[in-house]
>>> print(open('run.cif').read())   # mmCIF, C-alpha atoms, pLDDT in the B column; chains and numbers go by the auth columns
data_query
#
loop_
_atom_site.group_PDB
_atom_site.id
_atom_site.type_symbol
_atom_site.label_atom_id
_atom_site.label_comp_id
_atom_site.label_asym_id
_atom_site.label_seq_id
_atom_site.Cartn_x
_atom_site.Cartn_y
_atom_site.Cartn_z
_atom_site.B_iso_or_equiv
_atom_site.auth_seq_id
_atom_site.auth_asym_id
ATOM 1 C CA MET A 1 59.032 20.987 29.112 92.00 1 A
ATOM 2 C CA ALA A 2 62.701 20.573 28.147 91.00 2 A
ATOM 3 C CA LYS A 3 63.482 24.102 29.325 94.00 3 A
ATOM 4 C CA LYS A 4 61.688 23.499 32.611 97.00 4 A
ATOM 5 C CA LEU A 5 63.539 20.233 33.244 97.00 5 A
ATOM 6 C CA SER A 6 66.844 21.811 32.254 97.00 6 A
ATOM 7 C CA LYS A 7 66.251 24.555 34.808 98.00 7 A
ATOM 8 C CA GLU A 8 65.438 21.889 37.406 97.00 8 A
ATOM 9 C CA ILE A 9 68.826 20.232 36.831 97.00 9 A
ATOM 10 C CA GLN A 10 70.597 23.587 36.803 97.00 10 A
ATOM 11 C CA THR A 11 69.085 24.486 40.173 97.00 11 A
ATOM 12 C CA GLY A 12 69.839 21.024 41.534 96.00 12 A
ATOM 13 C CA MET A 13 73.460 21.300 40.478 96.00 13 A
ATOM 14 C CA LYS A 14 73.774 24.623 42.303 96.00 14 A
ATOM 15 C CA ASP A 15 72.212 23.263 45.481 95.00 15 A
ATOM 16 C CA ASP A 16 73.358 19.619 45.573 95.00 16 A
ATOM 17 C CA SER A 17 76.001 19.042 42.899 95.00 17 A
ATOM 18 C CA PHE A 18 78.082 16.516 44.830 96.00 18 A
ATOM 19 C CA LYS A 19 75.165 14.149 45.478 95.00 19 A
ATOM 20 C CA ILE A 20 73.708 14.551 41.985 95.00 20 A
ATOM 21 C CA LEU A 21 77.071 13.732 40.412 95.00 21 A
ATOM 22 C CA GLU A 22 77.535 10.838 42.822 96.00 22 A
ATOM 23 C CA ASN A 23 74.194 9.383 41.663 95.00 23 A
ATOM 24 C CA ILE A 24 74.236 10.420 38.004 93.00 24 A
ATOM 25 C CA TRP A 25 75.504 7.237 36.350 93.00 25 A
ATOM 26 C CA GLY A 26 73.032 4.513 35.552 95.00 26 A
ATOM 27 C CA ASP A 27 70.751 3.219 32.830 95.00 27 A
ATOM 28 C CA THR A 28 67.544 3.253 34.864 95.00 28 A
ATOM 29 C CA PRO A 29 64.863 4.398 34.818 97.00 29 A
ATOM 30 C CA ARG A 30 64.721 3.935 31.039 95.00 30 A
ATOM 31 C CA ILE A 31 61.548 5.939 30.486 96.00 31 A
ATOM 32 C CA TRP A 32 60.384 9.349 31.639 96.00 32 A
ATOM 33 C CA ASN A 33 57.684 9.550 34.261 96.00 33 A
ATOM 34 C CA SER A 34 56.708 12.880 35.799 96.00 34 A
ATOM 35 C CA ASP A 35 56.248 11.115 39.155 98.00 35 A
ATOM 36 C CA LEU A 36 59.977 10.307 39.413 98.00 36 A
ATOM 37 C CA LYS A 37 61.605 11.805 42.504 97.00 37 A
ATOM 38 C CA GLY A 38 65.074 12.571 43.801 96.00 38 A
ATOM 39 C CA TYR A 39 68.207 11.295 42.130 96.00 39 A
ATOM 40 C CA LYS A 40 66.318 8.877 39.878 97.00 40 A
ATOM 41 C CA ARG A 41 64.489 11.877 38.443 97.00 41 A
ATOM 42 C CA SER A 42 67.729 13.838 37.994 97.00 42 A
ATOM 43 C CA ARG A 43 69.484 10.840 36.397 97.00 43 A
ATOM 44 C CA THR A 44 66.628 10.272 33.971 97.00 44 A
ATOM 45 C CA ILE A 45 66.498 13.926 32.919 97.00 45 A
ATOM 46 C CA ILE A 46 70.267 14.011 32.425 97.00 46 A
ATOM 47 C CA ASN A 47 70.206 10.741 30.456 96.00 47 A
ATOM 48 C CA TYR A 48 67.588 12.123 28.067 96.00 48 A
ATOM 49 C CA PHE A 49 69.577 15.325 27.602 94.00 49 A
ATOM 50 C CA THR A 50 73.025 13.814 27.232 93.00 50 A
ATOM 51 C CA ARG A 51 72.916 10.095 26.354 93.00 51 A
ATOM 52 C CA MET A 52 69.782 9.681 24.271 94.00 52 A
ATOM 53 C CA ARG A 53 70.338 8.166 20.844 94.00 53 A
ATOM 54 C CA PHE A 54 67.659 5.559 20.224 95.00 54 A
ATOM 55 C CA LEU A 55 64.143 5.443 21.633 94.00 55 A
ATOM 56 C CA GLY A 56 61.547 2.741 21.872 93.00 56 A
ATOM 57 C CA LYS A 57 58.128 3.538 20.440 87.00 57 A
ATOM 58 C CA ASP A 58 57.035 4.292 24.012 91.00 58 A
ATOM 59 C CA GLY A 59 59.807 6.900 24.393 92.00 59 A
ATOM 60 C CA SER A 60 62.066 4.640 26.466 95.00 60 A
ATOM 61 C CA LEU A 61 65.811 5.097 26.222 95.00 61 A
ATOM 62 C CA LYS A 62 68.023 2.467 24.618 93.00 62 A
ATOM 63 C CA LEU A 63 71.295 3.611 26.124 91.00 63 A
ATOM 64 C CA LYS A 64 73.578 0.744 25.104 86.00 64 A
ATOM 65 C CA ALA A 65 73.183 1.306 21.330 80.00 65 A
ATOM 66 C CA LYS A 66 75.614 3.830 19.882 72.00 66 A
ATOM 67 C CA LYS A 67 75.833 2.891 16.222 81.00 67 A
ATOM 68 C CA ASN A 68 74.064 4.721 13.426 79.00 68 A
ATOM 69 C CA LYS A 69 71.269 2.210 12.735 80.00 69 A
ATOM 70 C CA ALA A 70 68.453 1.191 14.996 78.00 70 A
ATOM 71 C CA ASP A 71 66.976 -2.238 15.356 84.00 71 A
ATOM 72 C CA GLU A 72 63.336 -2.730 14.396 85.00 72 A
ATOM 73 C CA MET A 73 62.086 -1.845 17.895 88.00 73 A
ATOM 74 C CA HIS A 74 63.865 1.517 18.172 92.00 74 A
ATOM 75 C CA VAL A 75 64.239 4.762 16.234 92.00 75 A
ATOM 76 C CA PRO A 76 66.786 7.576 16.373 94.00 76 A
ATOM 77 C CA TRP A 77 65.512 10.209 18.824 94.00 77 A
ATOM 78 C CA PHE A 78 65.193 12.816 16.084 95.00 78 A
ATOM 79 C CA ASN A 79 62.718 10.693 14.112 93.00 79 A
ATOM 80 C CA GLN A 80 60.267 11.165 16.974 89.00 80 A
ATOM 81 C CA THR A 81 61.287 14.733 17.787 90.00 81 A
ATOM 82 C CA ILE A 82 60.731 15.977 14.227 91.00 82 A
ATOM 83 C CA LYS A 83 56.993 15.649 14.819 89.00 83 A
ATOM 84 C CA ASN A 84 57.175 18.309 17.542 90.00 84 A
ATOM 85 C CA LEU A 85 59.001 20.976 15.532 93.00 85 A
ATOM 86 C CA LYS A 86 57.252 23.823 13.789 93.00 86 A
ATOM 87 C CA GLU A 87 58.152 24.789 10.225 88.00 87 A
ATOM 88 C CA ASN A 88 60.918 27.258 11.116 90.00 88 A
ATOM 89 C CA GLN A 89 62.345 25.451 14.123 94.00 89 A
ATOM 90 C CA TYR A 90 65.687 23.676 14.046 94.00 90 A
ATOM 91 C CA ILE A 91 67.717 21.438 16.298 95.00 91 A
ATOM 92 C CA ILE A 92 71.486 21.301 15.987 96.00 92 A
ATOM 93 C CA PHE A 93 73.140 18.503 17.936 95.00 93 A
ATOM 94 C CA GLY A 94 76.411 16.678 18.390 93.00 94 A
ATOM 95 C CA HIS A 95 77.897 13.780 20.351 91.00 95 A
ATOM 96 C CA TRP A 96 76.940 11.019 17.935 94.00 96 A
ATOM 97 C CA ALA A 97 79.931 10.547 15.640 93.00 97 A
ATOM 98 C CA ALA A 98 78.645 7.304 14.108 92.00 98 A
ATOM 99 C CA LEU A 99 76.046 9.329 12.184 94.00 99 A
ATOM 100 C CA GLU A 100 78.750 11.456 10.552 94.00 100 A
ATOM 101 C CA GLY A 101 76.303 14.357 10.838 95.00 101 A
ATOM 102 C CA LYS A 102 73.659 12.669 8.665 95.00 102 A
ATOM 103 C CA THR A 103 70.024 12.686 9.776 95.00 103 A
ATOM 104 C CA LYS A 104 68.271 12.933 6.373 94.00 104 A
ATOM 105 C CA LEU A 105 66.213 15.775 7.896 95.00 105 A
ATOM 106 C CA THR A 106 66.524 19.423 6.930 92.00 106 A
ATOM 107 C CA ASN A 107 65.681 20.920 10.306 94.00 107 A
ATOM 108 C CA ILE A 108 67.573 18.500 12.578 96.00 108 A
ATOM 109 C CA ILE A 109 71.268 18.872 11.898 97.00 109 A
ATOM 110 C CA GLY A 110 74.082 16.754 13.289 96.00 110 A
ATOM 111 C CA VAL A 111 77.470 18.437 13.585 97.00 111 A
ATOM 112 C CA ASP A 112 79.528 15.599 15.081 96.00 112 A
ATOM 113 C CA THR A 113 81.321 14.185 12.062 96.00 113 A
ATOM 114 C CA GLY A 114 83.896 12.177 13.978 94.00 114 A
ATOM 115 C CA CYS A 115 86.928 14.442 14.025 94.00 115 A
ATOM 116 C CA VAL A 116 88.250 12.626 17.081 91.00 116 A
ATOM 117 C CA TRP A 117 88.207 9.412 15.023 91.00 117 A
ATOM 118 C CA GLY A 118 90.142 10.954 12.126 92.00 118 A
ATOM 119 C CA ASN A 119 87.206 12.346 10.156 94.00 119 A
ATOM 120 C CA LYS A 120 86.159 15.955 9.560 94.00 120 A
ATOM 121 C CA LEU A 121 85.578 18.749 12.059 96.00 121 A
ATOM 122 C CA THR A 122 82.246 20.427 11.366 97.00 122 A
ATOM 123 C CA ALA A 123 80.892 23.844 12.337 97.00 123 A
ATOM 124 C CA ILE A 124 77.641 25.539 11.412 97.00 124 A
ATOM 125 C CA ARG A 125 76.881 29.190 10.692 97.00 125 A
ATOM 126 C CA LEU A 126 73.586 29.699 12.496 95.00 126 A
ATOM 127 C CA GLU A 127 72.271 32.535 10.311 95.00 127 A
ATOM 128 C CA ASP A 128 71.911 30.353 7.219 94.00 128 A
ATOM 129 C CA ARG A 129 72.757 26.877 8.582 94.00 129 A
ATOM 130 C CA LYS A 130 75.718 26.569 6.223 96.00 130 A
ATOM 131 C CA LEU A 131 78.110 23.812 7.248 96.00 131 A
ATOM 132 C CA PHE A 132 81.871 24.253 7.211 97.00 132 A
ATOM 133 C CA GLN A 133 84.155 21.243 7.400 96.00 133 A
ATOM 134 C CA VAL A 134 87.890 20.708 7.613 96.00 134 A
ATOM 135 C CA LYS A 135 89.715 17.429 7.376 91.00 135 A
ATOM 136 C CA LYS A 136 91.961 16.328 10.185 75.00 136 A
ATOM 137 C CA ALA A 137 95.504 17.515 9.438 70.00 137 A
#
>>> encode(input="run.cif", output="structure tokens")
Amino acid sequence: MAKKLSKEIQTGMKDDSFKILENIWGDTPRIWNSDLKGYKRSRTIINYFTRMRFLGKDGSLKLKAKKNKADEMHVPWFNQTIKNLKENQYIIFGHWAALEGKTKLTNIIGVDTGCVWGNKLTAIRLEDRKLFQVKKA
């Protein structure tokens, strides 16, 4: 489904990039619904792909929270996603510096360790998932 929706956005950006970008910002709708249409649909897909950090138990986005700990009503997205991965599947993600790369999961790996905030820069070797880090000079 993610690949299909990604392709939908890719095609939309080729055909209607100005209007999509003009309508991209917003925190609603907060939950996916396959009946969404137009720019609301595009915005929701893009929010799930690029801004998702915490989810409600119903899969709704909590876009305002950016820290590393959820409140009792929300969980980090990867705590729900882990259930959908097969044994040899992995997700490598970034853009959540507050986690410092820590997910406590072996097959969901965070590589944003906050270099822009003075912490380490992290890279991963895909063949064996070995992490390499350098401190900010």
>>> resolve_selection(input="run.cif", expression="the PyMOL selection byres ((chain A and resi 5) around 10)", output="list in words")
Met1, Ala2, Lys3, Lys4, Ser6, Lys7, Glu8, Ile9, Gln10, Thr11, Arg41, Ser42, Ile45, Ile46 and Phe49 of chain A
>>> atom_distance(input="run.cif", atom1="CA of Gly110 in chain A", atom2="CA of Glu87 in chain A")
18.1 Å
>>> resolve_selection(input="run.cif", expression="the PyMOL selection byres ((chain A and resi 70-81) around 10)", output="tab-separated table (two decimals) with C-alpha atoms, in the frame of the given file")
chain	number	residue	atom	x	y	z
A	48	TYR	CA	67.59	12.12	28.07
A	52	MET	CA	69.78	9.68	24.27
A	53	ARG	CA	70.34	8.17	20.84
A	54	PHE	CA	67.66	5.56	20.22
A	55	LEU	CA	64.14	5.44	21.63
A	56	GLY	CA	61.55	2.74	21.87
A	57	LYS	CA	58.13	3.54	20.44
A	58	ASP	CA	57.04	4.29	24.01
A	59	GLY	CA	59.81	6.90	24.39
A	60	SER	CA	62.07	4.64	26.47
A	61	LEU	CA	65.81	5.10	26.22
A	62	LYS	CA	68.02	2.47	24.62
A	65	ALA	CA	73.18	1.31	21.33
A	66	LYS	CA	75.61	3.83	19.88
A	67	LYS	CA	75.83	2.89	16.22
A	68	ASN	CA	74.06	4.72	13.43
A	69	LYS	CA	71.27	2.21	12.74
A	82	ILE	CA	60.73	15.98	14.23
A	83	LYS	CA	56.99	15.65	14.82
A	84	ASN	CA	57.18	18.31	17.54
A	85	LEU	CA	59.00	20.98	15.53
A	91	ILE	CA	67.72	21.44	16.30
A	93	PHE	CA	73.14	18.50	17.94
A	103	THR	CA	70.02	12.69	9.78
A	104	LYS	CA	68.27	12.93	6.37
A	105	LEU	CA	66.21	15.78	7.90
A	107	ASN	CA	65.68	20.92	10.31
A	108	ILE	CA	67.57	18.50	12.58
A	109	ILE	CA	71.27	18.87	11.90
>>> residues_around(input="run.cif", residues="Lys120 in chain A", least_positions_apart="5", cutoff="7 Å", atoms="all atoms listed in the file", output="ChimeraX atom specification")
/A:113-115,133-136
>>> write_last_selection(input="run.cif", atoms="C-alpha atoms", output="PDB file, keeping the file's coordinate frame")
ATOM      1  CA  THR A 113      81.321  14.185  12.062  1.00 96.00           C
ATOM      2  CA  GLY A 114      83.896  12.177  13.978  1.00 94.00           C
ATOM      3  CA  CYS A 115      86.928  14.442  14.025  1.00 94.00           C
ATOM      4  CA  GLN A 133      84.155  21.243   7.400  1.00 96.00           C
ATOM      5  CA  VAL A 134      87.890  20.708   7.613  1.00 96.00           C
ATOM      6  CA  LYS A 135      89.715  17.429   7.376  1.00 91.00           C
ATOM      7  CA  LYS A 136      91.961  16.328  10.185  1.00 75.00           C
TER       8      LYS A 136
END
>>> axis_aligned_box(input="run.cif", around="range 40-48 of chain A", padding_each_side="6 Å", output="AutoDock Vina command-line options")
--center_x 67.4 --center_y 11.4 --center_z 34.0 --size_x 17.8 --size_y 17.1 --size_z 23.8
>>> closest_residue(input="run.cif", among="A:Asn23, A:Lys102, A:Ile92, A:Arg30", to="Ile124 in chain A", atoms="all atoms listed in the file")
A:Ile92
>>> closest_residue(input="run.cif", among="A:Trp25, A:Trp96, A:Tyr39, A:Tyr90", to="Asp128 in chain A", atoms="all atoms listed in the file")
A:Tyr90
>>> atom_distance(input="run.cif", atom1="CA of Pro29 in chain A", atom2="CA of Gly12 in chain A")
18.6 Å
